[in-house]
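Enquirer: First, the structure itself, so that you have it in front of you.
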Amino acid sequence: MLNAIYRLVAPRRFEVEFTNIDLCSRQIVVRPTHLSICHADQRYYQGLRPAEVMRKKLPMALIHEGIGEVVYDPGGVFQAGDSVILIPNTPQQKDGIISENYLRSSRFRASSFDGFMQEHVAMEPDRVVPLDASVDKIVASFTELVSVSVHAIRRFDRIAHAGRKSVGIWGDGNLGYITALFFHAMFPETKLYIFGVDAEKLSRFSFAEETFSVMDIPEDLYVDHAFECVGGEASQKAIHQIIGHIEPEGTISLLGVSEYPVPVNTRMILEKGLRMFGSSRSGRDDFLETIALYQKNPELLGYLSNIVGAQIEVQSMEDMSRAFEMDIHKSMGKTIMIWNI
């Protein structure tokens, strides 16, 4: 089966390459329908990764957040036309202790091999999960990002002590919003305090106990645990603030990605006996838990729709570039490509 793959070959330049999909394999063939642009995609598109990383990764098809329709399933589990959510993490082995998204042998779409910017995608049967018709497809397109937050919260539940009267979330962007929203759904009795820099973005956290500007945090405000959802150069300041405003023996969950090492105040980590752990990506179980939360708390979908930004129909490589350029200049929200290639 002839397939078109739209790869980034240099910053801001896409090229198409035609390959063959073997229909005699056990893989499911899916036609992407809705793709969501992530910050990681933008770092490649704009050439913001270190030069040696760009040389190693490109050419490569971008996008690891998306949904599609089944074209062919040799196993007969799915019917042609069924909507599915695509799982980008692709493990090569199983481990009884280490989760699939932390195995060094695992491959990840749009990082270690081609992402979903293709006419069709061949995937292992366990790398797709059914999408219920009740879930809006625009919102469903960034379920991968939601599953990352759910994964971090599930790990928090295993690691943090039982004192959970209050939790602080640093970061008012998409990741902070989603993490706060799903933490509130999973632990509704815990008071949530949100710390950010943008008053308009902070106004979206209507379900939180209170929001604060990071420039004006009360000195006597302390939380039992915290999530860092900032990343980049600002993560150092966020982590410093968290250490200052967390109770002794609290747990700090790190989700923000930074290209460079971030200094941390180890002295106060030691003095307070803090636990700090990182979370990255997600696995099939996290997708299934996310879908279960969609079904159990349908109001979550309405909240998630608040962070949908531009919706761009893509029919050509010019449209792909237009979508990425618009995403760069957006003020907030997720940019969704309606994939009609």
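Ordered as shown in the structure tokens, chains take letters A, B, and onward, while each chain numbers its residues from 1 and ligands are numbered from 1 in the order shown.
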Got a sec: who's within 9 Å of Ser112 of chain A, counting only C-alpha atoms, leaving out chain neighbours fewer than 6 positions off, as a list in words?
Expert: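 The contact residues come out as Lys57, Met60 and Ser106 of chain A.
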Enquirer: Quick check for you: according to DSSP on this backbone, which residues of segment 4-182 of chain A are classed as helix (DSSP H, G or I)? Reply as a PyMOL selection string.
Expert: chain A and resi 39-45+51-57+125-127+137-140+143-159+174-182
Enquirer: Any chance you could tabulate, as CSV, the residues of segment 252-298 of chain A at most 12 Å from segment 302-321 of chain A with each one's nearest atom pair and distance in Å to one decimal, using only C-alpha atoms, in chain and rising number order?
Expert:
residue,atom,partner,partner_atom,distance
A:Tyr294,CA,A:Gly302,CA,10.3
A:Asn297,CA,A:Gly302,CA,10.0
A:Pro298,CA,A:Gly302,CA,7.5
Enquirer: Emit the selected residues as an mmCIF file, in the first residue's frame, including N, CA and C atoms.
Expert:
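New file result27.cif:
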data_model
loop_
_atom_site.group_PDB
_atom_site.id
_atom_site.type_symbol
_atom_site.label_atom_id
_atom_site.label_comp_id
_atom_site.auth_asym_id
_atom_site.auth_seq_id
_atom_site.Cartn_x
_atom_site.Cartn_y
_atom_site.Cartn_z
ATOM 1 N N TYR A 294 -12.784 10.535 31.217
ATOM 2 C CA TYR A 294 -13.705 11.217 30.304
ATOM 3 C C TYR A 294 -15.134 10.719 30.533
ATOM 4 N N ASN A 297 -16.452 11.568 34.190
ATOM 5 C CA ASN A 297 -16.617 13.006 34.441
ATOM 6 C C ASN A 297 -16.758 13.740 33.104
ATOM 7 N N PRO A 298 -17.893 13.611 32.445
ATOM 8 C CA PRO A 298 -18.040 14.214 31.108
ATOM 9 C C PRO A 298 -17.849 15.723 31.087
#
Enquirer: Can you list, as a list in words, all residues belonging to segment 109-210 of chain A that DSSP tags as strand (DSSP E or B)?
Expert: Arg109, Phe113, Gln118, Val121, Ala122, Met123, Val128, Val129, Pro130, Ser166, Val167, Gly168, Ile169, Trp170, Lys191, Leu192, Tyr193, Ile194, Phe195, Gly196 and Glu210 of chain A
Enquirer: Residues at most 10 Å from segment 189-200 of chain A, counting only C-alpha atoms, excluding those fewer than 5 positions away in the same chain, as a PDB file with C-alpha atoms, in the first residue's frame?
Expert:
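In the end it all went to selection.pdb:
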ATOM      1  CA  GLY A 163      -1.426  14.403  53.911  1.00  0.00           C
ATOM      2  CA  ARG A 164      -3.126  16.059  50.956  1.00  0.00           C
ATOM      3  CA  LYS A 165      -5.125  19.000  52.249  1.00  0.00           C
ATOM      4  CA  SER A 166      -3.593  21.321  49.659  1.00  0.00           C
ATOM      5  CA  VAL A 167      -1.606  21.029  46.429  1.00  0.00           C
ATOM      6  CA  GLY A 168       0.032  23.802  44.448  1.00  0.00           C
ATOM      7  CA  ILE A 169       0.419  23.766  40.666  1.00  0.00           C
ATOM      8  CA  TRP A 170       2.999  26.085  39.155  1.00  0.00           C
ATOM      9  CA  GLY A 171       2.252  26.903  35.518  1.00  0.00           C
ATOM     10  CA  ASP A 172      -0.771  28.545  33.879  1.00  0.00           C
ATOM     11  CA  GLY A 173      -0.265  27.084  30.390  1.00  0.00           C
ATOM     12  CA  GLY A 176      -0.727  23.281  34.112  1.00  0.00           C
ATOM     13  CA  TYR A 177      -4.405  23.659  33.224  1.00  0.00           C
ATOM     14  CA  ALA A 180      -4.967  20.927  37.650  1.00  0.00           C
ATOM     15  CA  LEU A 181      -8.242  19.933  35.992  1.00  0.00           C
ATOM     16  CA  PHE A 183      -6.077  16.391  39.702  1.00  0.00           C
ATOM     17  CA  HIS A 184      -9.286  18.104  40.835  1.00  0.00           C
ATOM     18  CA  PHE A 205      -8.880  27.864  36.589  1.00  0.00           C
ATOM     19  CA  PHE A 207     -12.396  25.006  39.631  1.00  0.00           C
ATOM     20  CA  ALA A 208      -9.351  25.845  41.796  1.00  0.00           C
ATOM     21  CA  GLU A 209      -9.485  27.091  45.368  1.00  0.00           C
ATOM     22  CA  GLU A 210      -7.456  30.185  44.503  1.00  0.00           C
ATOM     23  CA  THR A 211      -4.967  31.500  41.933  1.00  0.00           C
ATOM     24  CA  PHE A 212      -1.871  33.633  42.499  1.00  0.00           C
ATOM     25  CA  SER A 213       0.603  35.619  40.453  1.00  0.00           C
ATOM     26  CA  VAL A 214       4.097  34.234  40.999  1.00  0.00           C
ATOM     27  CA  MET A 215       5.126  37.827  41.689  1.00  0.00           C
ATOM     28  CA  ASP A 216       2.736  38.105  44.638  1.00  0.00           C
ATOM     29  CA  ILE A 217       2.632  34.859  46.626  1.00  0.00           C
ATOM     30  CA  LEU A 221       1.094  30.274  52.098  1.00  0.00           C
ATOM     31  CA  TYR A 222       2.228  26.647  52.190  1.00  0.00           C
ATOM     32  CA  VAL A 223       1.062  23.574  50.295  1.00  0.00           C
ATOM     33  CA  ASP A 224       1.462  19.889  51.154  1.00  0.00           C
ATOM     34  CA  ALA A 226       3.308  20.602  44.322  1.00  0.00           C
ATOM     35  CA  PHE A 227       3.460  20.075  40.569  1.00  0.00           C
ATOM     36  CA  GLU A 228       5.895  22.013  38.377  1.00  0.00           C
ATOM     37  CA  CYS A 229       4.365  22.525  34.919  1.00  0.00           C
ATOM     38  CA  VAL A 230       6.480  25.445  33.735  1.00  0.00           C
ATOM     39  CA  ALA A 238       9.297  27.863  39.745  1.00  0.00           C
ATOM     40  CA  GLN A 241       9.373  28.969  44.769  1.00  0.00           C
ATOM     41  CA  ILE A 242       7.939  25.501  45.267  1.00  0.00           C
ATOM     42  CA  MET A 332      -2.930  30.433  24.282  1.00  0.00           C
TER      43      MET A 332
END
Enquirer: Just the number, please: distance in Å from atom CA of Leu202 of chain A to atom CA of Gly66 of chain A, one decimal.
Expert: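 Rounded to one decimal, the two atoms are 26.6 Å apart.
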Enquirer: Show me, as JSON, numbers by chain, the residues that have an atom within 8 Å of Arg284 of chain A when counting only C-alpha atoms, minus same-chain residues fewer than 3 positions from it.
Expert: {"A": [87, 126, 127, 287, 288]}
Enquirer: Would you pick out the contacts of segment 73-84 of chain A at 9 Å or less, using only C-alpha atoms, so that residues sharing its chain but fewer than 6 positions from it are not included, and give the list as a short mmCIF file (atom, residue, chain, number, x, y, z; two decimals) with N, CA and C atoms, in the first residue's frame?
Expert:
data_model
loop_
_atom_site.label_atom_id
_atom_site.label_comp_id
_atom_site.auth_asym_id
_atom_site.auth_seq_id
_atom_site.Cartn_x
_atom_site.Cartn_y
_atom_site.Cartn_z
N LEU A 23 0.62 -4.77 3.97
CA LEU A 23 -0.68 -5.20 4.47
C LEU A 23 -0.69 -6.65 4.93
N CYS A 24 0.42 -7.35 4.75
CA CYS A 24 0.51 -8.73 5.23
C CYS A 24 1.04 -8.82 6.66
N SER A 25 1.39 -7.69 7.23
CA SER A 25 1.86 -7.69 8.61
C SER A 25 0.66 -7.69 9.55
N ARG A 26 0.92 -7.76 10.84
CA ARG A 26 -0.15 -7.76 11.84
C ARG A 26 -0.56 -6.35 12.25
N GLN A 27 0.03 -5.32 11.64
CA GLN A 27 -0.22 -3.95 12.05
C GLN A 27 -1.57 -3.43 11.55
N ILE A 28 -2.15 -2.54 12.35
CA ILE A 28 -3.37 -1.85 11.97
C ILE A 28 -3.00 -0.61 11.16
N VAL A 29 -3.74 -0.33 10.11
CA VAL A 29 -3.51 0.86 9.31
C VAL A 29 -4.58 1.90 9.65
N VAL A 30 -4.12 3.09 10.01
CA VAL A 30 -5.01 4.16 10.45
C VAL A 30 -4.78 5.40 9.58
N ILE A 67 -5.69 11.61 16.59
CA ILE A 67 -6.67 10.54 16.45
C ILE A 67 -6.81 10.22 14.97
N PRO A 125 -1.20 -3.30 17.15
CA PRO A 125 -2.60 -3.30 17.61
C PRO A 125 -2.82 -2.66 18.98
N VAL A 128 -3.36 1.60 19.60
CA VAL A 128 -4.58 2.36 19.37
C VAL A 128 -5.63 1.95 20.40
N VAL A 129 -6.46 2.90 20.79
CA VAL A 129 -7.56 2.61 21.71
C VAL A 129 -8.83 3.23 21.13
N PRO A 130 -9.98 2.59 21.33
CA PRO A 130 -11.22 3.09 20.74
C PRO A 130 -11.59 4.48 21.26
N LEU A 131 -12.12 5.30 20.38
CA LEU A 131 -12.61 6.62 20.75
C LEU A 131 -14.12 6.61 20.74
N ASP A 132 -14.70 6.85 21.90
CA ASP A 132 -16.16 6.86 22.02
C ASP A 132 -16.74 8.03 21.22
N ALA A 133 -17.88 7.78 20.58
CA ALA A 133 -18.51 8.80 19.73
C ALA A 133 -18.94 10.02 20.53
#
Enquirer: Using only C-alpha atoms, which residues sit within 8 Å of Ile37 of chain A once same-chain residues fewer than 3 positions away are excluded, as number ranges by chain?
Expert: A: 41-42, 63, 65, 324, 327, 334-337
